[in-house]
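For reference, the structure discussed in these notes is given below.
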2 protein chains.
Amino acid sequence: MKDRAAQLFKDIQVHICRGLEQVDGVATFRSDEWNRTDSKGGHGGGGITRILSNGAVFEKAGVNFSNVHGTMPAEFAAKLGAAKAELPFSATGVSLVIHPYSPMVPTTHANWRFLELGDKRWFGGGSDLTPYYLQEDDARHFHAVLKGMCDTHSPEYYSRFKKWCDEYFFLPHRAETRGVGGIFFDYIGRDDGADLEKVFSFVQDLGFGFTEQYLPIVEKRKALPFTEEQKKFQLLRRGRYVEFNLLYDRGTHFGLQTGGRIESILMSLPPVVNWDYCPQVTPGSAEEQLLSVLHEPREWV
Amino acid sequence: MKDRAAQLFKDIQVHICRGLEQVDGVATFRSDEWNRTDSKGGHGGGGITRILSNGAVFEKAGVNFSNVHGTMPAEFAAKLGAAKAELPFSATGVSLVIHPYSPMVPTTHANWRFLELGDKRWFGGGSDLTPYYLQEDDARHFHAVLKGMCDTHSPEYYSRFKKWCDEYFFLPHRAETRGVGGIFFDYIGRDDGADLEKVFSFVQDLGFGFTEQYLPIVEKRKALPFTEEQKKFQLLRRGRYVEFNLLYDRGTHFGLQTGGRIESILMSLPPVVNWDYCPQVTPGSAEEQLLSVLHEPREWV
C-alpha cells in the first residue's frame with residue numbers, strides 16, 4: 001500500500017501541475033528532487049518539490065511530493081496518538097498551496113497523505129479555499145464538487161469532514177476560520193476498521209478531482225479588474241495565512257520537527273505579505289462581508 | 001515593587017518614543033489605551049500601545065506598555081516553572097520592535113518585564129539587534145553599551161546574558177540566530193536570592209540606556225543609499241523574523257495564550273515581508289557574510 005500510495009501521489013502531483021500550468025498560460029513549474037537524512041543519520045527518503053513563480057495568474061504555486069521514512073521522535077509519536085516512544089514511521093503525500101496574484105482569485109491548499117507509524121496505517125488529507133473577495137458561487141462550487149466525491153464513498157464523509165475542516169483551519173487568537181473551508185480528515189483506516197483499499201480509492205478521487213474543484217474558479221475570476229486597495233487587503237489577509245501556518249498547522253510543525261526539507265515545508269508561505277497595526281474595514285463593505293463569513297462558518301451545499 | 005515597576009516601564013516607554021520621534025524627524029506615535037478582560041471574565045488590567053508608521057526612517061515602530069493581572073492557565077504556569085495549576089499572576093513590562101525602512105538600518109527588539117506568579121517574583125528582559133547589511137561597528141557599539149550597563153551591576157551579567165540571547169533568538173529549522181544578539185535574561189530574583197531592588201535598578205539602566213544603544217546606529221546609517229536588490233534582501237530576512245516570532249517566541253505565545261491584546265502582541269511583525277522559494281546569495285557577497293555571522297555567533301566586545 002505504501003508504494004502504491006507514493007505512486008498515486010506522484011501521479012496526482014503531475015496531474016495538478018499540468019492543470020495549473022494550462023490555466024496560468026505563461027509560467028511553468030521548476031522541479032527539485034531532494035533527499036532526506038533521517039534523525040538517526042541514515043537515508044530517510046526524499047521528494048520532488050515543484051514551484052511555479054511569477055506567472056500570469058499564479059504569483060507562487062507550490063506542489064510538493066514526499067516519501068520519507070525513519071524514526072519518529074517520541075514526542076511527535078505521542079502527538080499522533082501512539083505511546084510516547086520512538087517509533088519507525090513512513091509518510092508519503094502530496095501537498096500544495098496556490099497563491100494567485102489577483103485578490104479576486106482565491107488561494108487554495110490541499111494535501112493527501114498515507115502514514116505508517118509502528119503497526120498503524122492511515123490516510124489523511126483535505127482541501128480548503130481561502131478567498132479575499134468572496135464570491136459565494138465559488139464557495140458553493142468548491143464544496144459541491146467535494147461533496148460529490150465524498151458521497152460516492154460514504155454518505156457521512158462530507159458533513160463530518162467539512163466540520164473537521166472548519167474546526168482545524170481556525171485561528172483562535174483571531175476567532176476566525178482561515179477561509180471558507182472544504183474538507184479535512186485524518187487517521188482514516190487506523191482504528192476505525194475502514195478498508196484501506198476503499199480509502200485509497202477515495203483519496204485517488206479527491207486528488208485527481210482537485211483541478212475540477214479549483215480551476216473553474218480561477219478561470220472565472222482571473223481576468224476581473226481590481227484596485228490597489230483590494231490588493232492591499234489581500235496582502236493583509238495573507239498575514240493571517242502565515243499566522244495559521246506558523247502558529248498552528250500540524251503539517252508544518254511535523255515537517256520542521258522531523259527534519260523535513262525547510263524550503264519545501266515553507267513554500268506554503270505567501271510571496272508578499274503585509275501586517276498593519278489595527279487595520280479597519282468599512283461597515284457594509286466586501287471586506288467586512290468576508291470577515292463575517294470567517295467568524296461564522298456556513299453550509300455551502 | 002509591582003507598582004514601581006509599572007511606573008518605570010511607562011516612563012521608559014515615553015523616553016524611548018521621544019527618542020525615536022526625534023531621529024525619525026517626520027512621523028509621531030499614535031497612542032492606544034486598552035483594557036484586558038481576564039480569563040475568568042473580570043478586569044485584567046491593560047496597557048498603552050504606541051505605534052509610529054511610515055515615518056522618514058521607521059516603517060513601523062511599536063512600543064507597548066502593559067500592566068496585566070489575573071489567573072494564569074495551569075499549562076502556562078507549568079511552562080514558567082510553577083506547578084501545573086492555575087495561579088494568580090501579574091505582569092508588567094514594556095516591549096518594542098522597530099522596523100526601519102532602509103535595509104542599511106538594523107531592526108531592533110527590546111523588552112523588560114516584572115512578573116508575579118503565586119508567591120514568586122522576578123524580572124526578565126533584554127534587547128537584540130537584527131541587521132540586514134552588517135556593519136561590524138554597529139554590532140560592537142550595541143554590545144559595548146550593553147556590557148557597560150551590565151558591568152555596573154554585576155561582572156558576570158554581560159557574558160551570561162549575551163550567551164542566553166544567542167541561544168534564545170535562534171531558529172533551529174534554519175540553524176541560524178535571528179540577528180547579532182544582545183542580552184537576554186529571565187527569572188532574575190525568583191530563586192537566585194538576587195535583591196529585587198538591585199535588579200530594578202539594573203532594568204532601569206537598561207531601559208533608559210536603550211536609546212544610547214540603538215539610536216546612534218540609526219543616525220549613522222539612515223542616509224546611506226541602497227539598491228532594490230538590497231531592499232529585497234531585507235524583505236526576505238524579515239520573513240525569518242516572522243518565523244521566529246510565530247514559531248518560537250515565548251512572549252508572543254504567552255500573550256496569545258493569556259488573552260492579550262492581539263494587535264499589541266503582533267505589532268512586532270514587519271509591515272512588508274517576502275518569502276521566496278530557495279533564495280540564493282552570491283558567494284563572497286555582503287548577504288553571505290551576514291548569514292555566516294548568523295550561523296556562528298561572535299563575541300563583539
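Each chain in the C-alpha cells gets a letter, A, B, ..., in the order shown, and its residues are numbered from 1; ligands are numbered from 1 in order too.
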**Request:** Can you check which residues of stretch 92-172 of chain B DSSP gives as helix (DSSP H, G or I) on the backbone and send them as a PyMOL selection string?
**Result:** chain B and resi 136-153+157-168
Please produce a file of those selected residues containing C-alpha atoms, as an mmCIF file, in the first residue's frame.
```
data_model
loop_
_atom_site.group_PDB
_atom_site.id
_atom_site.type_symbol
_atom_site.label_atom_id
_atom_site.label_comp_id
_atom_site.auth_asym_id
_atom_site.auth_seq_id
_atom_site.Cartn_x
_atom_site.Cartn_y
_atom_site.Cartn_z
ATOM 1 C CA GLU B 136 30.553 45.280 12.447
ATOM 2 C CA ASP B 137 30.962 48.662 14.138
ATOM 3 C CA ASP B 138 27.237 48.703 14.828
ATOM 4 C CA ALA B 139 27.260 45.289 16.494
ATOM 5 C CA ARG B 140 30.282 46.323 18.549
ATOM 6 C CA HIS B 141 28.625 49.574 19.618
ATOM 7 C CA PHE B 142 25.346 47.872 20.564
ATOM 8 C CA HIS B 143 27.123 45.233 22.637
ATOM 9 C CA ALA B 144 29.628 47.656 24.190
ATOM 10 C CA VAL B 145 26.855 49.888 25.551
ATOM 11 C CA LEU B 146 25.096 46.805 26.907
ATOM 12 C CA LYS B 147 28.246 45.472 28.505
ATOM 13 C CA GLY B 148 28.873 48.840 30.141
ATOM 14 C CA MET B 149 25.423 48.821 31.708
ATOM 15 C CA CYS B 150 25.737 45.174 32.771
ATOM 16 C CA ASP B 151 29.195 45.620 34.324
ATOM 17 C CA THR B 152 27.937 48.363 36.645
ATOM 18 C CA HIS B 153 25.648 45.802 38.252
ATOM 19 C CA TYR B 157 25.837 39.628 33.783
ATOM 20 C CA TYR B 158 27.059 40.501 30.291
ATOM 21 C CA SER B 159 28.701 37.224 29.328
ATOM 22 C CA ARG B 160 25.910 35.166 30.861
ATOM 23 C CA PHE B 161 23.086 37.187 29.281
ATOM 24 C CA LYS B 162 24.868 37.554 25.934
ATOM 25 C CA LYS B 163 25.063 33.768 25.660
ATOM 26 C CA TRP B 164 21.443 33.412 26.761
ATOM 27 C CA CYS B 165 20.430 35.814 23.990
ATOM 28 C CA ASP B 166 22.290 33.858 21.295
ATOM 29 C CA GLU B 167 20.599 30.690 22.491
ATOM 30 C CA TYR B 168 17.136 32.178 22.796
#
```
**Request:** Would you mind listing what lies within 7 Å of stretch 275-280 of chain B as a list of chain:residue names, with only C-alpha atoms counted and same-chain residues fewer than 4 positions away left out?
**Result:**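 Once the adjacent positions are removed, what remains is A:Glu263, A:Met267, A:Leu269, A:Pro270, A:Pro271, A:Val272, B:Leu236, B:Gly239.
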**Message:** So that I can check the surroundings of B:Ile48, please list as a PyMOL selection string every protein, DNA and RNA residue that reaches within 12 Å of it, counting only C-alpha atoms and ignoring chain neighbours fewer than 2 positions away.
**Reply:** chain B and resi 6+9-11+13-14+29-36+45-46+50-51+62-68+92-95+261+263-265
Quick one: contact table of stretch 48-98 of chain A to stretch 200-224 of chain A, 10 Å max, nearest atom pair and distance in Å to one decimal per residue, counting only C-alpha atoms, chain and number order, as a Markdown table?
```
| residue | atom | partner | partner_atom | distance |
| --- | --- | --- | --- | --- |
| A:Ala56 | CA | A:Lys222 | CA | 9.3 |
| A:Val57 | CA | A:Lys222 | CA | 6.7 |
| A:Phe58 | CA | A:Lys222 | CA | 9.6 |
| A:Val94 | CA | A:Gly207 | CA | 8.9 |
```
**Request:** Tell me which of A:Arg178, A:His99, A:Lys60, A:Arg190 sits closest to chain B, counting only C-alpha atoms.
**Result:** A:Lys60
